[in-house]
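This report refers to the structure that appears directly beneath it.
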Amino acid sequence: MGVLLAGDRPRCGLAGGLILGGLARADIRAFPEAQPSGGSGVGTPFRLFGRQAERDLVGALVDRVHEGRGGVGFISGEAGIGKTTLLDAVLGGSPVRVLRGAAGELSAGRPFGALIDALSGSAGAESLTGRPDMAPPPHSEGLHHRLIDRCVAFLEREALRAPLLLVLEDLHWADPSTIQAVYDVGRRLAHVPLAVLVTFRPFPSPSPLSRVVSDLAARGAVRVPLGPLGAEAVAALLSHLVGATPSPGFLARLAGAGGNPLYIRELVRALAADDALRLIDGRAEIDDRAVVPPSFQLSVDQQLGALSDGTRHLLRVAAVLGESFPLADLATVLGRPASAVLAEIDEAVCSEVLRVDPDGLTFRHALVREAVYLALPETVRRALHVQAGRALGDRGASAIAVAAHLVRGASPGDDDAAAWLRRAANEAAPRMLGAAVELFEGALAIASAEYPYRFALMAELVDALIWSGRHTEAADRTHVLLALDGDTARRHRVQRVVVRALAIAGRIDDASREMAAAAESFEGDDAERLRFDADAAMIAVLTGDTETALRSAEDTLRRAGEQENDEVRQCASATICLAATYTGELSRAVAAGQTAVRLGGASASPAQRYCAHIFLGTALMEADQPQDADRVFRAGRRIAENAGTLWQTVCYLTETGVLKFDTGQWDDAVAELEAGSALAQESGASPWILQEGLLAVIALRRGDLAQASEHVGRAQHAYAGGQRFGAEFAFWATALHAEAQGDPGAALAILSRTWEHYAALGFLPHSARVALDLTRLATAAGDRRRARDVAATMDLLAKRADTPARRALAEASRGLAEDDLDRATEAVAAYEPTPRRAEHLHCAVVVGHASAAATGHRDQAIATLTRAHALGTAMGAGAQVTAAAATLRRLGVRLGPRGRHVTAATGWDSLTPTELRVALLARDGLTNNEIGARLHISGRTVETHFAHLFAKLGMSSRVQVAAEVVRRFPRDR
């Protein structure tokens with residue numbers, strides 16, 4: 001007979017918590033450690049056995065933080081496999097500051113829940129929890145993106161002060177906003193001393209989390225999958241638990257645990273409780289008469305079977321409330337005062353099923369709670385969730401907390417539950433659009449046909465879908481709503497929202513069709529008619545009917561003034577600004593744009609959705625006032641960033657990129673366009689056709705055909721997806737790409753179609769983009785008629801715009817079309833005082849090559865191409881510089897050392913002026929936003945500049961850059 005490896009039961013109580021003692025004899029220990037915490041808890045006392053390879057992977061990521069670099073680690077595995085234990089083992093001896101939080105099954109409706117838990121208590125993090133003054137209009141994307149940006153900025157600032165670890169556990173339960181924030185932090189802060197460590201179960205894993213894991217892994221994130229413990233690790237764990245070496249029979253009987261350390265612990269716990277452990281010949285054995293539960297579920301059932309009926313009932317209800325819960329919530333759902341359930345709670349704590357935490361009660365482990373929960377029949381679970389939701393609602397709990405239960409239990413036809421879900425969706429919408437959509441859809445699924453707010457609910461779902469970027473679904477839902485809803489005002493509001501959303505997405509044709517359908521069924525009052533006409537005028541501009549748009553917008557402006565409706569006045573003024581810009585009437589455009597900006601004010605008012613600063617800035621660009629345009633874009637971007645309106649921020653970054661391109665600041669243009677593209681993709685959209693088209697043009701001008709091909713492909717994909725706004729850049733790039741591949745005929749055909757399209761619309765600035773290249777290709781092909789048509793249109797634009805640059809373009813076009821190279825050469829000189837450096841360079845290249853090919857114009861060709869070479873060198877236009885140099889050599893001109901200057905591709909000499917300023921400011925520990933404020937650019941653009949300079953310098957962290965700046969550029973120099 002062996003020695004019994006068990007003893008007295010533990011004494012426990014709510015006042016002092018669990019008092020461990022008596023479970024082991026003097027020479028044998030069982031459960032020698034403090035009571036364990038749950039898998040999602042912080043600071044579990046479990047020791048780590050095995051896992052050396054996994055420990056090394058996570059440890060290497062922590063070491064990166066010590067070295068000033070960042071990274072992301074994804075630790076995945078089934079419940080109880082040891083994800084938290086691994087983290088504790090690695091982080092236990094690390095001096096790096098750790099911020100830690102966890103998600104829970106019933107917290108998926110709590111926006112940013114795990115992040116807020118991790119950051120709570122940190123100085124300066126108060127704004128991340130949300131404040132009343134931050135709330136935007138319902139269903140706005142604003143607060144959602146503002147909070148993510150603030151989270152990124154906060155973590156960046158903290159990491160630059162001292163290395164930092166952000167640990168987020170059980171992200172398979174996390175809300176979409178938390179998952180999006182993890183993606184943004186991992187992608188945007190890879191070069192600061194911050195590591196993000198995430199744990200999750202691979203099943204069930206929500207698709208947003210799967211996409212984030214895949215995307216960040218492709219960017220270098222570390223995946224650490226945890227499988228079953230090996231035989232040696234299992235033996236070491238058992239030896240630690242019972243205080244003796246386990247016999248082969250002991251190991252064999254626990255094989256059913258599948259190498260899961262939590263299950264192994266639970267089995268040993270159950271065996272010790274049943275007095276089934278023996279010490280025989282110095283080895284731990286299991287009594288032959290003992291029954292080892294074949295599953296974790298049965299192990300928990302066996303433990304619960306020893307409890308009283310009242311305690312078992314309490315635990316089943318508690319399992320419905322989640323892994324952790326306040327005592328007050330449990331008492332409320334049970335319908336009993338808290339004092340009446342103390343005995344049952346005391347027994348549950350004594351049996352180590354529950355533990356007492358500062359905020360309430362928690363199951364010993366998430367897997368224990370799941371075992372209790374899943375043991376309930378589904379119908380019982382659903383009924384208990386409904387009971388819990390209603391009880392919490394009666395007690396005044398938040399709609400989101402109530403909905404978390406009702407969505408799991410309510411049946412179709414439960415209008416009261418539908419009302420709760422609708423309330424919760426409206427609470428969630430400003431911060432968590434994805435969850436709001438799910439709640440709206442859930443409410444719609446259970447609402448009866450007689451639910452009085454059914455159509456209002458459908459309209460709110462359409463709003464949420466639109467602001468989530470799901471425009472096609474929104475349009476489909478709108479068609480269903482319009483076929484059923486008799487509320488005229490609501491019908492028109494939903495139609496307007498859908499039209500604007502499609503226009504924002506660049507799907508102008510779809511927006512036009514929706515507007516036409518709305519016009520056919522319009523039945524609104526005068527105020528509604530006014531708003532409808534304002535939107536119709538804007539859509540008319542975008543579809544090319546500028547004459548109708550201007551006439552309608554002027555009439556709407558007059559009527560809005562009579563009704564003192566500033567929102568409609570701003571829309572009408574913005575429409576006039578845009579239409580006049582497109583037709584080349586720049587004085588009228590600027591005046592109307594200034595009115596629209598003034599009516600919008602300096603705050604993120606509802607009227608700002610018309611993006612008045614974009615329209616005014618574009619008009620100022622066309623008027624050759626780039627500094628004023630840049631100032632207006634910066635002001636608009638600040639409004640958009642403060643409002644968290646992502647698509648507007650993308651607009652400002654993109655248009656600033658166009659401005660930088662036109663003024664010859666191509667490196668800065670690339671940074672702005674790439675920042676805009678990255679931000680667009682963050683919102684779930686494709687890169688914009690304008691961004692990809694212009695990036696392709698820059699790549700072609702620089703001679704990078706491979707990169708240009710990638711951008712052209714993405715631009716064509718965006719066009720196939722319905723994007724039309726900015727398509728002229730895609731057409732231009734596609735034509736130049738065809739020419740670069742040796743097919744000038746295809747290039748001419750593409751530009752000819754582009755010209756005809758925009759000429760028919762009357763969009764003169766769009767036509768001007770391709771004028772020089774179309775004239776060049778047309779004259780080379782002998783198509784003088786086409787070249788003269790271009791010249792005539794540019795004459796019209798020059799007359800209307802009345803700017804030096806437009807007059808120079810008209811003269812160059814006319815000179816090339818008529819083979820009057822003296823006139824064309826004078827046009828090149830006329831560009832000198834203008835800010836349009838890119839157009840100046842291209843005109844010099846085109847005219848210079850034409851002069852070199854003609855008889856009697858050698859001197860003109862040399863002077864023009866020499867100027868082109870200088871301009872191109874300053875802009876980094878490698879292909880144009882090379883072409884100019886080659887022609888100059890054929891003319892007998894050898895450029896001196898200065899003329900042959902080649903910009904370095906790597907190293908400090910390769911940095912652009914902006915990149916160097918960014919590096920110098922990094923020395924002072926400034927965040928991206930702080931650097932952006934110093935340089936008058938977006939923090940997002942600063943991120944792009946950092947990415948470029950890291951690649952050029954062969955560095956991977958801001959700490960490295962700052963250290964090298966200190967060495968190379970002492971402050972006293």
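Residues are named by chain letter and number: chains run A, B, ... in the order of the structure tokens, numbers start at 1 in each chain, and ligands are numbered from 1 in the order shown.
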
Near-stretch 151-163 of chain A list (6 Å; only C-alpha atoms; drop same-chain fewer than 5 positions) as a PyMOL selection string:
chain A and resi 65+96+185+193-194+927

For A:Ala391, which residue out of A:Leu367, A:Ala519, A:Gly434, A:Ala328 is the nearest one, using only C-alpha atoms?
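Residue with the minimum atom-to-atom distance to A:Ala391: A:Ala328.
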
Using only C-alpha atoms, find the one residue out of A:Leu87, A:Ala635, A:Ala623, A:Val212 that sits nearest to A:Ala805.
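Closest to A:Ala805, using only C-alpha atoms: A:Ala623.
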
Polymer residues at most 9 Å from stretch 611-622 of chain A, only C-alpha atoms, same-chain spacing of 3 or more positions, as number ranges by chain:
A: 570-571, 573-575, 577-578, 580-582, 584, 586-587, 589-597, 600, 607-608, 625-637, 640, 648, 651-652, 655, 659, 662, 765, 801, 803, 806

Leaving out A:Ala410 and any residue of its chain fewer than 6 positions from it, which residues lie within 8 Å of it when counting only C-alpha atoms, given as an mmCIF file with C-alpha atoms, in the first residue's frame?
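So out.cif came out as:
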data_model
loop_
_atom_site.group_PDB
_atom_site.id
_atom_site.type_symbol
_atom_site.label_atom_id
_atom_site.label_comp_id
_atom_site.auth_asym_id
_atom_site.auth_seq_id
_atom_site.Cartn_x
_atom_site.Cartn_y
_atom_site.Cartn_z
ATOM 1 C CA ARG A 382 -30.624 30.970 -25.096
ATOM 2 C CA ALA A 383 -33.298 31.384 -22.454
ATOM 3 C CA VAL A 386 -32.585 36.505 -22.695
ATOM 4 C CA ALA A 417 -35.023 42.571 -28.024
ATOM 5 C CA ILE A 446 -35.520 39.298 -35.058
#
